[in-house]
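Since the structure comes first, as structure tokens, the remarks are kept for the end.
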Amino acid sequence: MNIFSVKPKIYFDKGSIEYLNTIRNKRVCIVTDPFILKSGAVDNIVNIFKANEVKYEIFSEIKPDPSIETVAAGVNKMRTFKPDVIIALGGGSSIDATKSIILFTIKILNSNGDKYNRPLFIAIPTTSGTGSEVTSFSVITMGTTKFPLVDEEMVPDIAIIDADFVKTVPPQITADTAMDVLTHAIEAYVSKNSSDYTDALAEKTVKLVFGYLLRAYKDGNDMVAREKLHNASCMAGMAFTNANLGINHSIAHTVGGNFHIPHGRANSIVLPYVIKYNAELQGQRETEAARKYADLSRILGLPCSSTEEGVISIICAIKVLMRETNIPSNLKEANVNKNELFSKLESMVDAALKDNCTKTNPRIPSKEDIVSLIKEIYED
Ligand SMILES: [Zn+2]
């Protein structure tokens, strides 16, 4: 048995923020980070509420990699303000933090016997990357450890995919986050939990990233490219919240966390190596994963006269995209210190094997597999 869930209602295209005009006579809490507050992006929302005399408050204490403390402060805000509507405005951190704030507020208030209705949850992403606006995942940090929470209660009710909110994202962040989108799609596509439903979303996402990333990278004002990447991010989120991910994310989580490499860039560096590992081209028989990677090459119109050629083509295409967008091709190029990497290797391998994403990888990795993969990703 497999399951595909389609929860949030998605408002997309230019001007979809106008949806907020339908909110009247409610108490609204806007959750965001100090940077977004300063950028003026909040004004677009606040102006709508002012015009409609909607009572709102702004909680702008979200920091990158949101901590338990941030979530606790947010829960406190919920308990005192008691909003009917909660809007998460920002990248993955703001949306993830809001999910946990809602979850803990409901759990704490209900366990205290208070009657507290879950507020309407609206997510407005300001990067095209995590797809958090449609997923049931939230990553919270305690000390140096990241805890992924998964709960259906955390899926937003409404996602607003308005490219106006991403038009000022700088080129390198545009590239890093789009490569995260590509990784979500490819991992969902070969995941053990993939299905016809998630495959359709993954295939379209891969086409959109290859079709529009370079355009958005070279000209941030190319609003067609921005819109396509914003939709791709959301579609990849729908694919992986249902199909889950794989060891690409497991390795990127630990490498990124230990060496402060942005999430999307870490995923991108790992991607060609994990495709090669999962495809097992040297094996006795053709694997299902290899066939699916080759399908992606076919969809993109890349050379694909055999499964093997298709797998090699998609790896080459990803490497070209990385080169064109200035993403390092291995950990050495990303300035990771070799001695430090090797001294942390054991704990990193443990973390990768325990990571939730590993369960749905098409090939079950041994400890030795991850060790040699990380060594290869350092310097091939
Ligand atoms: Zn990701």
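Residues are referred to by chain and number: the chain letter is A, B, ... according to the order shown in the structure tokens, the number counts from 1 in that chain, and ligands are numbered separately from 1 in the order shown.
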
Q.
Taking only C-alpha atoms and all ligand atoms into account, which residues have an atom no farther than 8 Å from ligand 1? I'd like them as a PyMOL selection string.
A. chain A and resi 129-130+180-181+183-184+249+263-264+267

Spatial neighbours of Gly237 in chain A, max dist 8 Å, only C-alpha atoms, sep filter under 2 positions, as a PDB file with C-alpha atoms, in the first residue's frame:
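The file below, around-v1.pdb, is the result:
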```
ATOM      1  CA  THR A 130      12.781  23.687   0.293  1.00  0.00           C
ATOM      2  CA  GLY A 131       9.179  23.136  -0.809  1.00  0.00           C
ATOM      3  CA  SER A 132       8.394  23.392   2.912  1.00  0.00           C
ATOM      4  CA  GLU A 133       5.078  25.108   2.059  1.00  0.00           C
ATOM      5  CA  VAL A 134       3.611  21.746   1.020  1.00  0.00           C
ATOM      6  CA  THR A 135       5.446  19.217   3.191  1.00  0.00           C
ATOM      7  CA  VAL A 181      14.824  21.392  -5.806  1.00  0.00           C
ATOM      8  CA  HIS A 184      14.303  16.588  -4.128  1.00  0.00           C
ATOM      9  CA  SER A 233      10.169  24.045  -5.875  1.00  0.00           C
ATOM     10  CA  CYS A 234       6.575  23.533  -4.780  1.00  0.00           C
ATOM     11  CA  MET A 235       6.052  20.536  -7.088  1.00  0.00           C
ATOM     12  CA  ALA A 239       6.756  14.748  -4.690  1.00  0.00           C
ATOM     13  CA  PHE A 240       9.068  14.223  -1.730  1.00  0.00           C
ATOM     14  CA  THR A 241       6.562  14.775   1.062  1.00  0.00           C
TER      15      THR A 241
END
```

Range 119-233 of chain A near range 80-88 of chain A within 6 Å: what's each residue's closest atom pair and its distance in Å to one decimal, counting only C-alpha atoms, ordered by chain then ascending residue number, as a Markdown table?
```
| residue | atom | partner | partner_atom | distance |
| --- | --- | --- | --- | --- |
| A:Pro119 | CA | A:Asp84 | CA | 4.7 |
| A:Leu120 | CA | A:Val85 | CA | 4.6 |
| A:Phe121 | CA | A:Ile86 | CA | 5.1 |
| A:Ile122 | CA | A:Ile87 | CA | 4.7 |
| A:Ala123 | CA | A:Ala88 | CA | 4.8 |
```

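If you look at CA of Val155 in chain A and CA of Thr105 in chain A, they are 14.9 Å away from each other.
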
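If you measure from each of A:Pro66, A:Arg118, A:Ile101, A:Thr126 to Leu37 in chain A using only C-alpha atoms, the closest one turns out to be A:Thr126.
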
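Distance annotation: of A:Ser191, A:Val311, A:Asn326, A:Asn244, the residue with the minimal separation from Met179 in chain A is A:Asn326; atom set is only C-alpha atoms.
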
(Q) Can you tell me which residues surround Asn248 in chain A at a distance of at most 9 Å, considering only C-alpha atoms, apart from same-chain residues fewer than 4 positions away, and format the answer as a VMD selection string? (A) chain A and resid 183 187 252 to 253 267 to 268 270 to 271 273 to 275 357 to 358 361

Q | Residue among A:Thr287, A:Thr32, A:Asn110, A:Asn242 lying closest to Ser195 in chain A, counting only C-alpha atoms | A |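 For Ser195 in chain A, the nearest of the candidates is A:Asn242.
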
Q.
Considering only helix (DSSP H, G or I) as DSSP defines it on the backbone, what residues of range 137-167 of chain A qualify? List them as number ranges by chain.
A. A: 152-154, 163-166

Take the residues from that selection and put them in a file with N, CA and C atoms, as an mmCIF file, in the first residue's frame.
```
data_model
loop_
_atom_site.group_PDB
_atom_site.id
_atom_site.type_symbol
_atom_site.label_atom_id
_atom_site.label_comp_id
_atom_site.auth_asym_id
_atom_site.auth_seq_id
_atom_site.Cartn_x
_atom_site.Cartn_y
_atom_site.Cartn_z
ATOM 1 N N GLU A 152 1.369 15.244 10.045
ATOM 2 C CA GLU A 152 0.388 15.778 9.085
ATOM 3 C C GLU A 152 -0.199 17.114 9.553
ATOM 4 N N GLU A 153 -0.269 17.275 10.865
ATOM 5 C CA GLU A 153 -0.800 18.518 11.459
ATOM 6 C C GLU A 153 -0.014 19.749 10.991
ATOM 7 N N MET A 154 1.237 19.519 10.559
ATOM 8 C CA MET A 154 2.112 20.646 10.203
ATOM 9 C C MET A 154 2.002 21.076 8.733
ATOM 10 N N ALA A 163 5.871 34.684 -7.415
ATOM 11 C CA ALA A 163 7.288 34.894 -7.744
ATOM 12 C C ALA A 163 7.777 36.302 -7.390
ATOM 13 N N ASP A 164 6.865 37.230 -7.114
ATOM 14 C CA ASP A 164 7.280 38.563 -6.668
ATOM 15 C C ASP A 164 8.151 38.482 -5.415
ATOM 16 N N PHE A 165 7.914 37.444 -4.588
ATOM 17 C CA PHE A 165 8.661 37.313 -3.335
ATOM 18 C C PHE A 165 10.074 36.759 -3.525
ATOM 19 N N VAL A 166 10.410 36.303 -4.737
ATOM 20 C CA VAL A 166 11.754 35.738 -4.949
ATOM 21 C C VAL A 166 12.592 36.560 -5.932
#
```

Q) Quick one: residues within 12 Å of Asn52 in chain A, only C-alpha atoms counted, chain neighbours fewer than 6 positions away excluded, as a ChimeraX atom specification? A) /A:20-26,45-46

Q | Polymer residues at most 12 Å from Glu340 in chain A, only C-alpha atoms, same-chain spacing of 4 or more positions, as a PyMOL selection string | A | chain A and resi 255+258-259+331-332+335-336+344-348+378

Q.
Which residues are close to Gln282 in chain A, i.e. within 10 Å by only C-alpha atoms, leaving aside same-chain residues fewer than 5 positions away? Reply as a PyMOL selection string.
A. chain A and resi 276-277+308

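Candidate residues A:Thr198, A:Thr307, A:Asn278, A:Asn47 were compared for distance to Met238 in chain A, and the nearest is A:Thr198, using only C-alpha atoms.
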
Q) Which neighbours of Arg298 in chain A fall inside 10 Å, counting only C-alpha atoms, when residues of the same chain fewer than 6 positions from it are skipped, and could you give them as a VMD selection string? A) chain A and resid 292 304 to 305 307 310 to 311 313 to 314

Those residues with N, CA and C atoms, as a short mmCIF file (atom, residue, chain, number, x, y, z; two decimals), in the first residue's frame please?
```cif
data_model
loop_
_atom_site.label_atom_id
_atom_site.label_comp_id
_atom_site.auth_asym_id
_atom_site.auth_seq_id
_atom_site.Cartn_x
_atom_site.Cartn_y
_atom_site.Cartn_z
N LYS A 292 15.51 4.46 -14.17
CA LYS A 292 14.78 5.72 -13.94
C LYS A 292 15.68 6.94 -14.20
N CYS A 304 20.79 8.82 -24.92
CA CYS A 304 20.25 7.76 -24.06
C CYS A 304 19.94 6.51 -24.89
N SER A 305 20.94 6.03 -25.64
CA SER A 305 20.68 4.86 -26.47
C SER A 305 20.69 3.58 -25.64
N THR A 307 20.64 2.21 -21.15
CA THR A 307 20.48 2.67 -19.77
C THR A 307 21.78 3.31 -19.28
N GLY A 310 22.28 6.70 -20.65
CA GLY A 310 21.33 7.62 -20.04
C GLY A 310 21.78 8.07 -18.66
N VAL A 311 22.30 7.13 -17.88
CA VAL A 311 22.77 7.48 -16.52
C VAL A 311 23.96 8.44 -16.62
N SER A 313 24.65 10.42 -19.06
CA SER A 313 24.18 11.71 -19.60
C SER A 313 23.60 12.60 -18.51
N ILE A 314 22.80 12.04 -17.64
CA ILE A 314 22.17 12.90 -16.60
C ILE A 314 23.25 13.40 -15.63
#
```

Q | Separation of CA of Ile161 in chain A from CA of Val190 in chain A, in Å and rounded to one decimal | A | 26.3 Å
